[in-house]
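Novice: Mind having a look at this structure? Questions to follow.
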Amino acid sequence: MKPTRTRLAFAAALLFIGLPLLLFARAPVPSRTLLKDSLSILTILAVALLLGQFFLARTIPAVQRAFKPPRVQALHRWIGYGAITVLLLHPFLIVLPRYFEPGVRPLDALVTMLTSFDTLGVLLGLACWLLLLLLALTSHLRMRLIKRFRISYRAWRGFHALLAAGFTGLALWHAIELGRHTGWLLGGFFALLAIAGIALLARLYLPERHRPAPQAEGLHI
């Protein structure tokens, strides 16, 4: 790997893996079992890597110069699908430890959690889950949607970016509201990443009104 690529890869690993893990370790949350902490770490890394998607969308020229676009596209796709899968399973992972604990059965705990409509954090979580499912489906079916509704790739890409931004905002609000996996420090760090990523997207896409539309095989965001 060339020096520039090595530096970029190291910086990305530090920013989207190392720092979230460090801030999680420093978060003022109660000590829990190894299984629960492991599931929390898995969720946090999925969120962090999903936030990193904003920085793979042609928003940073250095990344585009250092890596070939097909390679960046493939990384964008596989990270996205992997992180989305983990987050779609998030409600089930929350109740997974119940299989190894006495008391409420996992299915009962899941039903109770998903029907607690008087809790803001749960409502935000349900909205996040539905947005994430829509994001995954529209990403996977993008070419069919473009052909079926006869829309430009630019229009689909804008819709995809809006879904991603909307999900990110609700997900961070959900995490901070419940506070099970993040403290204010980690939540603030994620918020800064989200603001920076969305701002870069806006800077990249908003002025392109008069640019020729890119080919459909381009990046998702």
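Identifiers for the structure tokens are assigned positionally: chains receive A, B, ... in sequence, residues are indexed from 1 per chain, and ligands are indexed from 1 in the order shown.
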Ala196 of chain A: which residues within 12 Å, counting only C-alpha atoms, same-chain residues fewer than 5 positions away excluded, as JSON, numbers by chain?
Specialist: {"A": [51, 52, 53, 54, 55, 59, 60, 165, 189, 190, 191, 201, 202, 203]}
Novice: Those same residues, written as a compact mmCIF listing (two decimals), in the first residue's frame with all heavy atoms?
Specialist:
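Written out: out-v1.txt:
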```
# COMPACT_ATOMS: atom_id res chain seq x y z
N LEU A 51 -21.37 6.29 9.83
CA LEU A 51 -21.03 7.71 9.72
C LEU A 51 -19.86 7.92 8.76
O LEU A 51 -19.80 8.93 8.04
CB LEU A 51 -20.70 8.28 11.10
CG LEU A 51 -21.87 8.45 12.06
CD1 LEU A 51 -21.36 8.88 13.44
CD2 LEU A 51 -22.85 9.49 11.53
N GLY A 52 -18.95 6.97 8.76
CA GLY A 52 -17.81 7.07 7.85
C GLY A 52 -18.20 7.03 6.40
O GLY A 52 -17.45 7.49 5.53
N GLN A 53 -19.42 6.52 6.10
CA GLN A 53 -19.89 6.47 4.72
C GLN A 53 -20.00 7.87 4.11
O GLN A 53 -19.84 8.04 2.90
CB GLN A 53 -21.27 5.78 4.66
CG GLN A 53 -21.27 4.33 5.07
CD GLN A 53 -20.58 3.45 4.05
OE1 GLN A 53 -19.36 3.42 3.96
NE2 GLN A 53 -21.35 2.75 3.26
N PHE A 54 -20.31 8.86 4.95
CA PHE A 54 -20.41 10.23 4.44
C PHE A 54 -19.09 10.70 3.84
O PHE A 54 -19.07 11.56 2.97
CB PHE A 54 -20.82 11.19 5.55
CG PHE A 54 -22.26 11.05 5.98
CD1 PHE A 54 -22.58 10.63 7.25
CD2 PHE A 54 -23.29 11.35 5.11
CE1 PHE A 54 -23.91 10.51 7.65
CE2 PHE A 54 -24.62 11.23 5.49
CZ PHE A 54 -24.92 10.81 6.77
N PHE A 55 -17.99 10.14 4.32
CA PHE A 55 -16.67 10.59 3.89
C PHE A 55 -16.12 9.75 2.74
O PHE A 55 -15.00 9.98 2.28
CB PHE A 55 -15.71 10.56 5.07
CG PHE A 55 -16.18 11.41 6.22
CD1 PHE A 55 -16.99 10.87 7.22
CD2 PHE A 55 -15.84 12.75 6.29
CE1 PHE A 55 -17.43 11.66 8.27
CE2 PHE A 55 -16.28 13.55 7.34
CZ PHE A 55 -17.09 13.00 8.33
N THR A 59 -16.57 13.15 -1.15
CA THR A 59 -16.53 14.40 -0.39
C THR A 59 -15.10 14.82 -0.04
O THR A 59 -14.87 15.99 0.28
CB THR A 59 -17.34 14.26 0.92
OG1 THR A 59 -16.87 13.10 1.64
CG2 THR A 59 -18.82 14.09 0.62
N ILE A 60 -14.18 13.88 -0.03
CA ILE A 60 -12.78 14.18 0.29
C ILE A 60 -11.92 13.84 -0.92
O ILE A 60 -11.71 12.66 -1.23
CB ILE A 60 -12.31 13.39 1.53
CG1 ILE A 60 -13.19 13.73 2.73
CG2 ILE A 60 -10.85 13.68 1.83
CD1 ILE A 60 -12.79 13.02 4.00
N ALA A 165 -29.12 11.12 5.95
CA ALA A 165 -29.01 12.22 6.89
C ALA A 165 -30.13 12.17 7.94
O ALA A 165 -29.90 12.39 9.13
CB ALA A 165 -29.06 13.56 6.15
N PHE A 189 -19.18 13.29 20.03
CA PHE A 189 -18.23 12.96 18.96
C PHE A 189 -18.97 12.47 17.72
O PHE A 189 -18.66 12.90 16.59
CB PHE A 189 -17.27 11.88 19.46
CG PHE A 189 -16.36 11.32 18.41
CD1 PHE A 189 -15.35 12.10 17.87
CD2 PHE A 189 -16.51 10.02 17.96
CE1 PHE A 189 -14.50 11.58 16.89
CE2 PHE A 189 -15.67 9.49 17.00
CZ PHE A 189 -14.66 10.28 16.46
N PHE A 190 -19.96 11.61 17.91
CA PHE A 190 -20.75 11.14 16.77
C PHE A 190 -21.51 12.30 16.12
O PHE A 190 -21.65 12.35 14.90
CB PHE A 190 -21.73 10.07 17.23
CG PHE A 190 -21.12 8.70 17.36
CD1 PHE A 190 -21.77 7.70 18.08
CD2 PHE A 190 -19.91 8.39 16.76
CE1 PHE A 190 -21.22 6.43 18.19
CE2 PHE A 190 -19.36 7.12 16.86
CZ PHE A 190 -20.01 6.14 17.58
N ALA A 191 -22.01 13.22 16.95
CA ALA A 191 -22.74 14.36 16.40
C ALA A 191 -21.82 15.23 15.53
O ALA A 191 -22.22 15.70 14.46
CB ALA A 191 -23.34 15.19 17.53
N LEU A 201 -21.43 16.62 2.28
CA LEU A 201 -22.37 16.19 1.25
C LEU A 201 -23.10 17.38 0.65
O LEU A 201 -23.27 17.48 -0.58
CB LEU A 201 -23.39 15.21 1.83
CG LEU A 201 -23.00 13.74 1.95
CD1 LEU A 201 -24.17 12.95 2.51
CD2 LEU A 201 -22.58 13.18 0.61
N ALA A 202 -23.55 18.29 1.51
CA ALA A 202 -24.25 19.46 1.02
C ALA A 202 -23.35 20.31 0.12
O ALA A 202 -23.77 20.80 -0.93
CB ALA A 202 -24.76 20.29 2.20
N ARG A 203 -22.12 20.46 0.54
CA ARG A 203 -21.17 21.23 -0.27
C ARG A 203 -20.90 20.56 -1.62
O ARG A 203 -20.71 21.24 -2.63
CB ARG A 203 -19.85 21.37 0.51
CG ARG A 203 -18.80 22.21 -0.20
CD ARG A 203 -17.53 22.26 0.61
NE ARG A 203 -16.50 23.03 -0.08
CZ ARG A 203 -15.26 23.17 0.35
NH1 ARG A 203 -14.89 22.59 1.49
NH2 ARG A 203 -14.39 23.89 -0.32
```
Novice: Apply DSSP to the structure's backbone, then extract all residues of chain A labelled helix (DSSP H, G or I) and return them as a PyMOL selection string.
Specialist: chain A and resi 3-26+34-56+61-66+69-88+90-100+106-114+120-140+142-149+153-178+184-210
Novice: Identify, on the basis of only C-alpha atoms, every residue whose closest approach to segment 111-123 of chain A does not exceed 7 Å; exclude the query and any residue fewer than 4 positions from it along the same chain; express the result as a PDB file with N, CA, C and O atoms, in the first residue's frame.
Specialist:
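So around_28.pdb came out as:
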```
ATOM      1  N   LEU A 107     -38.502 -12.952  24.200  1.00  0.00           N
ATOM      2  CA  LEU A 107     -39.594 -12.515  23.340  1.00  0.00           C
ATOM      3  C   LEU A 107     -40.509 -11.540  24.062  1.00  0.00           C
ATOM      4  O   LEU A 107     -40.948 -10.529  23.485  1.00  0.00           O
ATOM      5  N   ALA A 127     -38.570   4.700  14.621  1.00  0.00           N
ATOM      6  CA  ALA A 127     -38.461   5.540  13.423  1.00  0.00           C
ATOM      7  C   ALA A 127     -37.124   5.313  12.726  1.00  0.00           C
ATOM      8  O   ALA A 127     -37.053   5.224  11.493  1.00  0.00           O
ATOM      9  N   HIS A 174     -31.722   9.168  19.391  1.00  0.00           N
ATOM     10  CA  HIS A 174     -32.138   7.942  20.077  1.00  0.00           C
ATOM     11  C   HIS A 174     -31.054   7.461  21.038  1.00  0.00           C
ATOM     12  O   HIS A 174     -31.331   7.116  22.197  1.00  0.00           O
ATOM     13  N   GLU A 177     -30.673   9.918  23.952  1.00  0.00           N
ATOM     14  CA  GLU A 177     -31.873   9.915  24.795  1.00  0.00           C
ATOM     15  C   GLU A 177     -31.876   8.724  25.748  1.00  0.00           C
ATOM     16  O   GLU A 177     -32.177   8.861  26.933  1.00  0.00           O
ATOM     17  N   LEU A 178     -31.529   7.542  25.230  1.00  0.00           N
ATOM     18  CA  LEU A 178     -31.542   6.344  26.073  1.00  0.00           C
ATOM     19  C   LEU A 178     -30.261   6.197  26.877  1.00  0.00           C
ATOM     20  O   LEU A 178     -30.277   5.732  28.007  1.00  0.00           O
TER      21      LEU A 178
END
```
Novice: Do a neighbour search on Arg5 of chain A at 12 Å with only C-alpha atoms, toss out local chain neighbours closer than 6 positions, and write the hits as a list in words.
Specialist: Ala11, Ala12, Ala62, Val63, Gln64, Arg65, Ala66, Phe67, Lys68 and Val72 of chain A
Novice: Residues as selected, N, CA and C atoms, written as an mmCIF file, in the first residue's frame, can you do that?
Specialist:
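File written: part15.cif
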```cif
data_model
loop_
_atom_site.group_PDB
_atom_site.id
_atom_site.type_symbol
_atom_site.label_atom_id
_atom_site.label_comp_id
_atom_site.auth_asym_id
_atom_site.auth_seq_id
_atom_site.Cartn_x
_atom_site.Cartn_y
_atom_site.Cartn_z
ATOM 1 N N ALA A 11 -5.635 6.849 9.537
ATOM 2 C CA ALA A 11 -6.450 7.934 10.071
ATOM 3 C C ALA A 11 -7.919 7.514 10.168
ATOM 4 N N ALA A 12 -8.410 6.796 9.138
ATOM 5 C CA ALA A 12 -9.797 6.337 9.160
ATOM 6 C C ALA A 12 -10.028 5.332 10.284
ATOM 7 N N ALA A 62 -8.800 13.793 -1.462
ATOM 8 C CA ALA A 62 -7.603 12.986 -1.196
ATOM 9 C C ALA A 62 -7.919 11.500 -1.263
ATOM 10 N N VAL A 63 -9.114 11.106 -0.803
ATOM 11 C CA VAL A 63 -9.508 9.696 -0.858
ATOM 12 C C VAL A 63 -9.674 9.256 -2.300
ATOM 13 N N GLN A 64 -10.289 10.115 -3.103
ATOM 14 C CA GLN A 64 -10.497 9.781 -4.500
ATOM 15 C C GLN A 64 -9.188 9.700 -5.278
ATOM 16 N N ARG A 65 -8.220 10.535 -4.892
ATOM 17 C CA ARG A 65 -6.926 10.500 -5.576
ATOM 18 C C ARG A 65 -6.105 9.282 -5.158
ATOM 19 N N ALA A 66 -6.235 8.883 -3.906
ATOM 20 C CA ALA A 66 -5.406 7.785 -3.391
ATOM 21 C C ALA A 66 -5.936 6.416 -3.778
ATOM 22 N N PHE A 67 -7.263 6.284 -3.881
ATOM 23 C CA PHE A 67 -7.865 4.992 -4.175
ATOM 24 C C PHE A 67 -8.675 5.078 -5.463
ATOM 25 N N LYS A 68 -8.697 4.008 -6.208
ATOM 26 C CA LYS A 68 -9.476 3.966 -7.426
ATOM 27 C C LYS A 68 -10.972 3.984 -7.097
ATOM 28 N N VAL A 72 -13.230 2.317 -3.909
ATOM 29 C CA VAL A 72 -13.961 3.119 -2.922
ATOM 30 C C VAL A 72 -15.436 2.728 -2.931
#
```
Novice: Out of A:Leu39, A:Ala164, A:Leu45, A:Leu133, which residue has the shortest atom-to-atom distance to Ile17 of chain A when counting only C-alpha atoms?
Specialist: A:Leu45
Novice: Which value, in Å to one decimal, gives the distance between atom CA of Ala27 of chain A and atom CA of Leu170 of chain A?
Specialist: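 Going from atom CA of Ala27 of chain A over to atom CA of Leu170 of chain A covers 20.7 Å.
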Novice: Just give me the gap between atom CA of Ala194 of chain A and atom CA of Leu172 of chain A in Å, one decimal is fine.
Specialist: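 Going from atom CA of Ala194 of chain A over to atom CA of Leu172 of chain A covers 8.9 Å.
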Novice: Need to verify the contact set: Leu192 of chain A, 12 Å, only C-alpha atoms, exclusion of same-chain residues closer than 6 positions in sequence. Can you return it as a list in words?
Specialist: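 Here the qualifying residues turn out to be Leu15, Ala48, Leu51, Gly52, Thr168, Gly169, Leu172, Trp184, Leu185, Leu186, Ile198 and Ala199 of chain A.
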Novice: Store the residues picked out above, limited to N, CA, C and O atoms, as a PDB file, in the first residue's frame.
Specialist:
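The resulting file, part-v6.pdb, is reproduced below:
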```
ATOM      1  N   LEU A  15     -10.084   7.247  13.553  1.00  0.00           N
ATOM      2  CA  LEU A  15     -11.245   8.117  13.724  1.00  0.00           C
ATOM      3  C   LEU A  15     -12.538   7.338  13.903  1.00  0.00           C
ATOM      4  O   LEU A  15     -13.387   7.724  14.722  1.00  0.00           O
ATOM      5  N   ALA A  48     -20.452   4.077  13.955  1.00  0.00           N
ATOM      6  CA  ALA A  48     -19.268   4.830  13.556  1.00  0.00           C
ATOM      7  C   ALA A  48     -18.921   4.586  12.089  1.00  0.00           C
ATOM      8  O   ALA A  48     -18.625   5.528  11.333  1.00  0.00           O
ATOM      9  N   LEU A  51     -21.369   6.290   9.826  1.00  0.00           N
ATOM     10  CA  LEU A  51     -21.035   7.710   9.715  1.00  0.00           C
ATOM     11  C   LEU A  51     -19.865   7.917   8.760  1.00  0.00           C
ATOM     12  O   LEU A  51     -19.800   8.926   8.038  1.00  0.00           O
ATOM     13  N   GLY A  52     -18.945   6.966   8.755  1.00  0.00           N
ATOM     14  CA  GLY A  52     -17.807   7.070   7.846  1.00  0.00           C
ATOM     15  C   GLY A  52     -18.204   7.033   6.395  1.00  0.00           C
ATOM     16  O   GLY A  52     -17.448   7.487   5.526  1.00  0.00           O
ATOM     17  N   THR A 168     -29.420   9.364  10.387  1.00  0.00           N
ATOM     18  CA  THR A 168     -28.306   9.707  11.269  1.00  0.00           C
ATOM     19  C   THR A 168     -28.757  10.615  12.401  1.00  0.00           C
ATOM     20  O   THR A 168     -28.417  10.396  13.570  1.00  0.00           O
ATOM     21  N   GLY A 169     -29.536  11.634  12.058  1.00  0.00           N
ATOM     22  CA  GLY A 169     -30.020  12.553  13.089  1.00  0.00           C
ATOM     23  C   GLY A 169     -30.879  11.860  14.126  1.00  0.00           C
ATOM     24  O   GLY A 169     -30.692  12.040  15.339  1.00  0.00           O
ATOM     25  N   LEU A 172     -28.763   9.329  16.375  1.00  0.00           N
ATOM     26  CA  LEU A 172     -27.972   9.963  17.428  1.00  0.00           C
ATOM     27  C   LEU A 172     -28.869  10.472  18.553  1.00  0.00           C
ATOM     28  O   LEU A 172     -28.521  10.364  19.734  1.00  0.00           O
ATOM     29  N   TRP A 184     -22.329  11.374  26.989  1.00  0.00           N
ATOM     30  CA  TRP A 184     -22.394  12.627  26.253  1.00  0.00           C
ATOM     31  C   TRP A 184     -21.135  12.848  25.414  1.00  0.00           C
ATOM     32  O   TRP A 184     -21.182  13.457  24.336  1.00  0.00           O
ATOM     33  N   LEU A 185     -19.993  12.345  25.880  1.00  0.00           N
ATOM     34  CA  LEU A 185     -18.750  12.541  25.136  1.00  0.00           C
ATOM     35  C   LEU A 185     -18.792  11.786  23.810  1.00  0.00           C
ATOM     36  O   LEU A 185     -18.503  12.350  22.746  1.00  0.00           O
ATOM     37  N   LEU A 186     -19.156  10.515  23.858  1.00  0.00           N
ATOM     38  CA  LEU A 186     -19.242   9.725  22.640  1.00  0.00           C
ATOM     39  C   LEU A 186     -20.372  10.228  21.747  1.00  0.00           C
ATOM     40  O   LEU A 186     -20.228  10.309  20.523  1.00  0.00           O
ATOM     41  N   ILE A 198     -22.471  15.472   6.794  1.00  0.00           N
ATOM     42  CA  ILE A 198     -23.619  16.038   6.087  1.00  0.00           C
ATOM     43  C   ILE A 198     -23.251  17.367   5.440  1.00  0.00           C
ATOM     44  O   ILE A 198     -23.694  17.674   4.324  1.00  0.00           O
ATOM     45  N   ALA A 199     -22.422  18.160   6.114  1.00  0.00           N
ATOM     46  CA  ALA A 199     -21.982  19.436   5.533  1.00  0.00           C
ATOM     47  C   ALA A 199     -21.150  19.204   4.271  1.00  0.00           C
ATOM     48  O   ALA A 199     -21.297  19.927   3.274  1.00  0.00           O
TER      49      ALA A 199
END
```
Novice: Find the distance between atom CA of Val47 of chain A and atom CA of Leu206 of chain A and write it in Å to one decimal.
Specialist: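 That distance, rounded to one decimal, is 25.4 Å.
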Novice: Need to verify the contact set: His160 of chain A, 12 Å, only C-alpha atoms, exclusion of same-chain residues closer than 3 positions in sequence. Can you return it as a list in words?
Specialist: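 Counting only the stated atoms, we get Phe54, Ala57, Leu131, Leu132, Leu134, Leu135, Ala136, Leu137, Thr138, Ser139, His140, Leu141, Arg142, Leu145, Tyr153, Arg154, Ala155, Trp156, Arg157, Leu163, Ala164, Ala165, Gly166, Phe167, Leu201, Leu219, His220 and Ile221 of chain A.
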Novice: Write the residues you've just listed into a file as a PDB file, in the first residue's frame, and include C-alpha atoms for each of them.
Specialist:
```pdb
ATOM      1  CA  PHE A  54     -20.409  10.227   4.435  1.00  0.00           C
ATOM      2  CA  ALA A  57     -18.990   9.796  -1.138  1.00  0.00           C
ATOM      3  CA  LEU A 131     -35.731   4.638   7.921  1.00  0.00           C
ATOM      4  CA  LEU A 132     -32.782   2.262   7.956  1.00  0.00           C
ATOM      5  CA  LEU A 134     -35.975   1.948   3.647  1.00  0.00           C
ATOM      6  CA  LEU A 135     -32.376   3.061   3.146  1.00  0.00           C
ATOM      7  CA  ALA A 136     -31.230  -0.539   2.694  1.00  0.00           C
ATOM      8  CA  LEU A 137     -34.031  -1.436   0.286  1.00  0.00           C
ATOM      9  CA  THR A 138     -33.643   1.651  -1.893  1.00  0.00           C
ATOM     10  CA  SER A 139     -29.883   1.093  -2.031  1.00  0.00           C
ATOM     11  CA  HIS A 140     -30.253  -2.530  -3.087  1.00  0.00           C
ATOM     12  CA  LEU A 141     -33.009  -1.775  -5.628  1.00  0.00           C
ATOM     13  CA  ARG A 142     -31.637   1.534  -6.913  1.00  0.00           C
ATOM     14  CA  LEU A 145     -36.281   2.168  -8.963  1.00  0.00           C
ATOM     15  CA  TYR A 153     -29.545   8.938 -10.923  1.00  0.00           C
ATOM     16  CA  ARG A 154     -28.922  12.370  -9.426  1.00  0.00           C
ATOM     17  CA  ALA A 155     -32.492  12.461  -8.083  1.00  0.00           C
ATOM     18  CA  TRP A 156     -32.158   8.989  -6.566  1.00  0.00           C
ATOM     19  CA  ARG A 157     -28.807   9.911  -5.075  1.00  0.00           C
ATOM     20  CA  LEU A 163     -32.590   9.250   3.975  1.00  0.00           C
ATOM     21  CA  ALA A 164     -29.058   8.776   5.299  1.00  0.00           C
ATOM     22  CA  ALA A 165     -29.014  12.224   6.894  1.00  0.00           C
ATOM     23  CA  GLY A 166     -32.475  11.747   8.420  1.00  0.00           C
ATOM     24  CA  PHE A 167     -31.571   8.360   9.843  1.00  0.00           C
ATOM     25  CA  LEU A 201     -22.368  16.187   1.248  1.00  0.00           C
ATOM     26  CA  LEU A 219     -21.233   5.709  -5.549  1.00  0.00           C
ATOM     27  CA  HIS A 220     -24.423   5.286  -3.595  1.00  0.00           C
ATOM     28  CA  ILE A 221     -24.248   8.590  -1.728  1.00  0.00           C
TER      29      ILE A 221
END
```
